[in-house]
Amino acid sequence: MLPRFKIEAAMGVLKKLEIKKKSQKAEDKNLSFRVFDLTVGNLKEYTQPHKKDHFCIIVMESGSLKIHIEEKIHLLKAGKISVIFPEQVSFVSAVSDSLKGKIILFEEILFCSDILKNELSTYNVNLSTQLNCTILSPEDLKQSLHTISIIQKIYQHPSLIKKEQARFHIKIFLLGLIESVHGLHPILHKDTADKPIYVRFKKLLNEHYKQHRTVQYYAEELAVSTKKLNSITKKHCSETAIQAIHNRILIEIKRQLMFSDLSHKEIAFDLGFNSPSALNKFVKAKLKETPTELQQELAQMYNG
């Protein structure tokens, strides 16, 4: 069991990295993106748990490192790419000496274009976790690095027109990544009649999981029966609707236990439980451990 002071240190207020403060030259104050070489020096501020107000993409050409995102750990090596979304808690460790690659930072507005937000709505189901670690084929990696080199040249010598070109290239790069993930999930590749219902369910769940945690509520909002909703969720994510609801709540419990300074009582009421004992019972039933034990386990993961 961890000493209390170590738990409190791990649970302390996280530093939030801002893209406007990540600058290497005067022009950066007017740019919504950055491109850096992947070096030990440029990773220095990423070695402690933190959040970002922007997207961060790490592209590996050689070497290796571990990227910790929320409660998961991913090993990045040659050919792998990690996309860290705004507000995701992350840090890097086990950085090798033979490191080579790129770091791309950009503001959220670049990602939330009409094309990416609307036309590709089916991609956005669990997109933030699917893109945390993905691998490209040698051909796709070569093309991605070529695109990144164009973006980096623009970053080094920006102009009004070139900045717009960079935005275009970043979107193309993102679309390529999304397409690579898309191929790993064949059920979303097919335009089935019930796919829009599943997408709407996941969006509703992300919006209302704190207030509503019954299958009946979401079924009524989607104008389908509970049996139909369960059938749809099983087909698309191999879990029932209630399992999806509970898993979404568990993600937030872990996040708050790890990175907020809220008491268990405050977490319980924030997440719609009527008492700390109800939160305790829920975590115990799902994970076979108490919130305190879970917190210690997570603190050990993030505090070594």
# chains A, B, ... in the order shown; residues from 1 in each chain; ligands from 1

$ residues_around --residues "Pro138 (chain A)" --least-positions-apart "3" --cutoff "8 Å" --atoms "only C-alpha atoms" --output "list of chain:residue names"
A:Gly79, A:Leu141, A:Lys142

$ residues_around --residues "region 232-240 of chain A" --least-positions-apart "2" --cutoff "9 Å" --atoms "only C-alpha atoms" --output "ChimeraX atom specification"
/A:187-188,194-195,197-198,201,227-230,242-245

$ write_last_selection --atoms "N, CA and C atoms" --output "compact mmCIF listing (two decimals), in the first residue's frame"
# COMPACT_ATOMS: atom_id res chain seq x y z
N ILE A 187 -17.11 -3.51 -38.56
CA ILE A 187 -18.54 -3.32 -38.34
C ILE A 187 -18.95 -1.88 -38.65
N LEU A 188 -18.02 -0.92 -38.41
CA LEU A 188 -18.32 0.47 -38.72
C LEU A 188 -18.10 0.79 -40.19
N ASP A 194 -28.70 0.27 -38.59
CA ASP A 194 -28.71 0.67 -37.18
C ASP A 194 -27.42 1.36 -36.73
N LYS A 195 -26.46 1.54 -37.63
CA LYS A 195 -25.22 2.21 -37.24
C LYS A 195 -25.46 3.62 -36.72
N ILE A 197 -27.92 4.73 -35.07
CA ILE A 197 -28.47 4.63 -33.71
C ILE A 197 -27.36 4.40 -32.70
N TYR A 198 -26.40 3.54 -33.06
CA TYR A 198 -25.29 3.27 -32.16
C TYR A 198 -24.46 4.54 -31.94
N PHE A 201 -26.32 6.80 -29.69
CA PHE A 201 -26.30 6.28 -28.32
C PHE A 201 -25.01 6.68 -27.62
N LYS A 227 -34.61 -3.92 -25.85
CA LYS A 227 -34.09 -5.14 -26.49
C LYS A 227 -33.33 -4.80 -27.77
N LYS A 228 -33.89 -3.88 -28.56
CA LYS A 228 -33.25 -3.46 -29.80
C LYS A 228 -31.94 -2.75 -29.52
N LEU A 229 -31.93 -1.86 -28.51
CA LEU A 229 -30.71 -1.12 -28.18
C LEU A 229 -29.61 -2.08 -27.73
N ASN A 230 -29.97 -3.06 -26.93
CA ASN A 230 -28.98 -4.06 -26.50
C ASN A 230 -28.41 -4.83 -27.68
N ILE A 242 -26.27 -1.67 -20.87
CA ILE A 242 -25.97 -1.36 -19.47
C ILE A 242 -24.48 -1.50 -19.19
N GLN A 243 -23.81 -2.42 -19.86
CA GLN A 243 -22.36 -2.54 -19.70
C GLN A 243 -21.66 -1.29 -20.25
N ALA A 244 -22.14 -0.79 -21.38
CA ALA A 244 -21.58 0.43 -21.96
C ALA A 244 -21.76 1.62 -21.00
N ILE A 245 -22.94 1.70 -20.39
CA ILE A 245 -23.22 2.77 -19.43
C ILE A 245 -22.29 2.67 -18.23

$ closest_residue --among "A:Ser23, A:Ser98, A:Ser32, A:Asn247" --to "Asn206 (chain A)" --atoms "only C-alpha atoms"
A:Asn247

$ select_by_dssp --residues "region 21-94 of chain A" --states "strand (DSSP E or B)" --output "ChimeraX atom specification"
/A:33-37,50-52,55-62,64-69,72-77,80-84,90-93

$ closest_residue --among "A:Phe269, A:Phe36, A:Phe91, A:Tyr218" --to "Leu17 (chain A)" --atoms "only C-alpha atoms"
A:Phe91

$ residues_around --residues "Phe85 (chain A)" --least-positions-apart "3" --cutoff "9 Å" --atoms "only C-alpha atoms" --output "PyMOL selection string"
chain A and resi 52-57+88-89+108+128-129+131-132

$ residues_around --residues "Ala78 (chain A)" --least-positions-apart "5" --cutoff "12 Å" --atoms "only C-alpha atoms" --output "count of residues only"
21
